[in-house]
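**Student:** Please find one structure pasted underneath; my questions will follow.
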Amino acid sequence: MLGQVVLDLAACVVIAALASRLAGRGEPSSRVFVAALWLAVLCPFTANYTAVPLTETFAILFTALALASFVALVVPQ
């Protein structure tokens with residue numbers, strides 16, 4: 001379960017970076033990053049998934065990584 005906590009926190013950071021990349025015009029926005037990080041960390045659904053050994057934590061992380069890589073390829077700097 002400790003590994004799931006680490007993966008969930010990594011997913012929160014990836015989600016915040018993705019929101020920052022999509023909201024910023026040319027450069028990432030730190031205010032958006034912090035707001036998205038707080039929203040991702042305080043989400044009760046992902047906290048519930050982390051409390052017990054389930055596969056949803058992995059699904060959230062890999063979905064966020066896939067979306068971040070897609071945005072990096074498609075959205076111009």
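Quick note on naming: the chains in the structure tokens go A, B, ... in the order shown, residues restart at 1 in each chain, and ligands are numbered from 1 in order of appearance.
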Tell me which protein, DNA and RNA residues are within 7 Å of range 64-73 of chain A, counting only C-alpha atoms, leaving out same-chain ones fewer than 2 positions away, and put them as a VMD selection string.

**Tutor:** chain A and resid 11 14 to 15 18 60 to 62 75

**Student:** Quick one: residues within 7 Å of range 2-4 of chain A, only C-alpha atoms counted, chain neighbours fewer than 2 positions away excluded, as a CSV table (one decimal) with C-alpha atoms, in the first residue's frame?

**Tutor:**
chain,number,residue,atom,x,y,z
A,6,VAL,CA,3.8,7.0,-3.9
A,7,LEU,CA,2.2,6.2,-7.3
A,8,ASP,CA,-0.9,8.2,-6.3
A,50,THR,CA,-5.2,4.3,-2.2
A,57,THR,CA,-4.2,3.8,-8.6

**Student:** Name all residues at most 12 Å from Leu42 in chain A (count only C-alpha atoms; drop same-chain ones fewer than 6 positions away) and give them as a list in words.

**Tutor:**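 Using only C-alpha atoms, the neighbours found are Asp8, Leu9, Cys12, Ala35, Ala36 and Asn48 of chain A.
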
**Student:** When you look at Ser20 in chain A with a cut-off of 7 Å (counting only C-alpha atoms), what residues show up, excluding the ones that are within fewer than 6 positions of it in the same chain? I need them as number ranges by chain.

**Tutor:** A: 28-30, 32-33

**Student:** Rank A:Leu54, A:Ala19, A:Val34, A:Val74 by their smallest atom-to-atom distance to Val5 in chain A, using only C-alpha atoms, and report the top residue only.

**Tutor:**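 Using only C-alpha atoms, Val5 in chain A sits closest to A:Leu54.
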
**Student:** Using DSSP secondary structure from the backbone, list all helix (DSSP H, G or I) positions within range 10-62 of chain A, as a PyMOL selection string.

**Tutor:** chain A and resi 10-23+30-41+44-51+56-62

**Student:** What would the file look like if the residues just selected were written as a CSV table (one decimal), in the first residue's frame with N, CA and C atoms?

**Tutor:**
chain,number,residue,atom,x,y,z
A,10,ALA,N,2.5,10.6,-7.4
A,10,ALA,CA,3.1,10.8,-8.7
A,10,ALA,C,2.1,11.2,-9.7
A,11,ALA,N,0.9,10.5,-9.6
A,11,ALA,CA,-0.2,10.8,-10.5
A,11,ALA,C,-0.7,12.2,-10.3
A,12,CYS,N,-0.8,12.6,-9.0
A,12,CYS,CA,-1.2,14.0,-8.7
A,12,CYS,C,-0.3,15.0,-9.4
A,13,VAL,N,1.0,14.8,-9.3
A,13,VAL,CA,1.9,15.7,-9.9
A,13,VAL,C,1.8,15.7,-11.4
A,14,VAL,N,1.6,14.5,-12.0
A,14,VAL,CA,1.5,14.5,-13.5
A,14,VAL,C,0.2,15.2,-13.9
A,15,ILE,N,-0.9,15.0,-13.2
A,15,ILE,CA,-2.2,15.7,-13.5
A,15,ILE,C,-2.0,17.2,-13.4
A,16,ALA,N,-1.3,17.7,-12.3
A,16,ALA,CA,-1.1,19.1,-12.2
A,16,ALA,C,-0.2,19.6,-13.3
A,17,ALA,N,0.8,18.9,-13.7
A,17,ALA,CA,1.6,19.4,-14.8
A,17,ALA,C,0.9,19.4,-16.1
A,18,LEU,N,0.0,18.4,-16.3
A,18,LEU,CA,-0.9,18.4,-17.5
A,18,LEU,C,-1.8,19.6,-17.5
A,19,ALA,N,-2.4,19.9,-16.4
A,19,ALA,CA,-3.3,21.1,-16.3
A,19,ALA,C,-2.5,22.4,-16.5
A,20,SER,N,-1.4,22.5,-16.0
A,20,SER,CA,-0.5,23.6,-16.2
A,20,SER,C,-0.1,23.8,-17.6
A,21,ARG,N,0.2,22.7,-18.3
A,21,ARG,CA,0.6,22.8,-19.7
A,21,ARG,C,-0.5,23.2,-20.6
A,22,LEU,N,-1.7,22.7,-20.3
A,22,LEU,CA,-2.9,23.1,-21.1
A,22,LEU,C,-3.4,24.5,-20.8
A,23,ALA,N,-3.2,25.0,-19.6
A,23,ALA,CA,-3.8,26.3,-19.3
A,23,ALA,C,-2.8,27.4,-19.6
A,30,SER,N,2.3,28.5,-12.9
A,30,SER,CA,2.5,27.9,-11.6
A,30,SER,C,1.2,28.0,-10.8
A,31,ARG,N,0.4,29.0,-11.0
A,31,ARG,CA,-0.9,29.1,-10.2
A,31,ARG,C,-1.8,27.9,-10.6
A,32,VAL,N,-1.9,27.6,-11.8
A,32,VAL,CA,-2.7,26.5,-12.3
A,32,VAL,C,-2.1,25.2,-11.8
A,33,PHE,N,-0.8,25.1,-11.8
A,33,PHE,CA,-0.2,23.8,-11.3
A,33,PHE,C,-0.5,23.6,-9.8
A,34,VAL,N,-0.4,24.6,-9.0
A,34,VAL,CA,-0.7,24.5,-7.5
A,34,VAL,C,-2.2,24.2,-7.3
A,35,ALA,N,-3.1,24.9,-8.1
A,35,ALA,CA,-4.5,24.6,-7.9
A,35,ALA,C,-4.9,23.2,-8.3
A,36,ALA,N,-4.3,22.8,-9.4
A,36,ALA,CA,-4.6,21.4,-9.9
A,36,ALA,C,-4.0,20.4,-9.0
A,37,LEU,N,-2.9,20.7,-8.4
A,37,LEU,CA,-2.3,19.7,-7.5
A,37,LEU,C,-3.1,19.6,-6.2
A,38,TRP,N,-3.6,20.7,-5.7
A,38,TRP,CA,-4.5,20.6,-4.5
A,38,TRP,C,-5.8,19.8,-4.9
A,39,LEU,N,-6.4,20.1,-6.0
A,39,LEU,CA,-7.6,19.4,-6.4
A,39,LEU,C,-7.3,17.9,-6.6
A,40,ALA,N,-6.2,17.5,-7.2
A,40,ALA,CA,-5.9,16.1,-7.3
A,40,ALA,C,-5.6,15.4,-6.0
A,41,VAL,N,-4.9,16.1,-5.1
A,41,VAL,CA,-4.5,15.5,-3.9
A,41,VAL,C,-5.7,15.3,-2.9
A,44,PRO,N,-11.5,12.9,-3.0
A,44,PRO,CA,-11.8,11.7,-2.1
A,44,PRO,C,-11.9,10.4,-2.8
A,45,PHE,N,-12.1,10.4,-4.1
A,45,PHE,CA,-12.2,9.1,-4.8
A,45,PHE,C,-10.8,8.5,-4.9
A,46,THR,N,-9.8,9.2,-5.3
A,46,THR,CA,-8.4,8.7,-5.4
A,46,THR,C,-7.9,8.3,-4.0
A,47,ALA,N,-8.2,9.1,-3.0
A,47,ALA,CA,-7.8,8.7,-1.6
A,47,ALA,C,-8.4,7.4,-1.2
A,48,ASN,N,-9.7,7.2,-1.6
A,48,ASN,CA,-10.3,5.9,-1.3
A,48,ASN,C,-9.6,4.8,-2.0
A,49,TYR,N,-9.2,5.0,-3.2
A,49,TYR,CA,-8.5,3.9,-4.0
A,49,TYR,C,-7.2,3.6,-3.4
A,50,THR,N,-6.5,4.6,-2.8
A,50,THR,CA,-5.2,4.3,-2.2
A,50,THR,C,-5.3,3.6,-0.9
A,51,ALA,N,-6.4,3.7,-0.2
A,51,ALA,CA,-6.5,3.1,1.1
A,51,ALA,C,-6.5,1.6,1.1
A,56,GLU,N,-6.9,0.7,-9.3
A,56,GLU,CA,-7.3,2.0,-9.8
A,56,GLU,C,-6.2,3.0,-9.7
A,57,THR,N,-5.3,2.9,-8.8
A,57,THR,CA,-4.2,3.8,-8.6
A,57,THR,C,-3.3,3.7,-9.9
A,58,PHE,N,-3.0,2.5,-10.3
A,58,PHE,CA,-2.2,2.3,-11.5
A,58,PHE,C,-2.9,2.8,-12.7
A,59,ALA,N,-4.2,2.6,-12.8
A,59,ALA,CA,-5.0,3.1,-14.0
A,59,ALA,C,-5.0,4.6,-14.0
A,60,ILE,N,-5.1,5.3,-12.9
A,60,ILE,CA,-5.1,6.7,-12.9
A,60,ILE,C,-3.7,7.2,-13.3
A,61,LEU,N,-2.6,6.6,-12.8
A,61,LEU,CA,-1.3,7.1,-13.1
A,61,LEU,C,-1.0,6.9,-14.6
A,62,PHE,N,-1.3,5.7,-15.1
A,62,PHE,CA,-1.0,5.4,-16.5
A,62,PHE,C,-1.9,6.2,-17.5
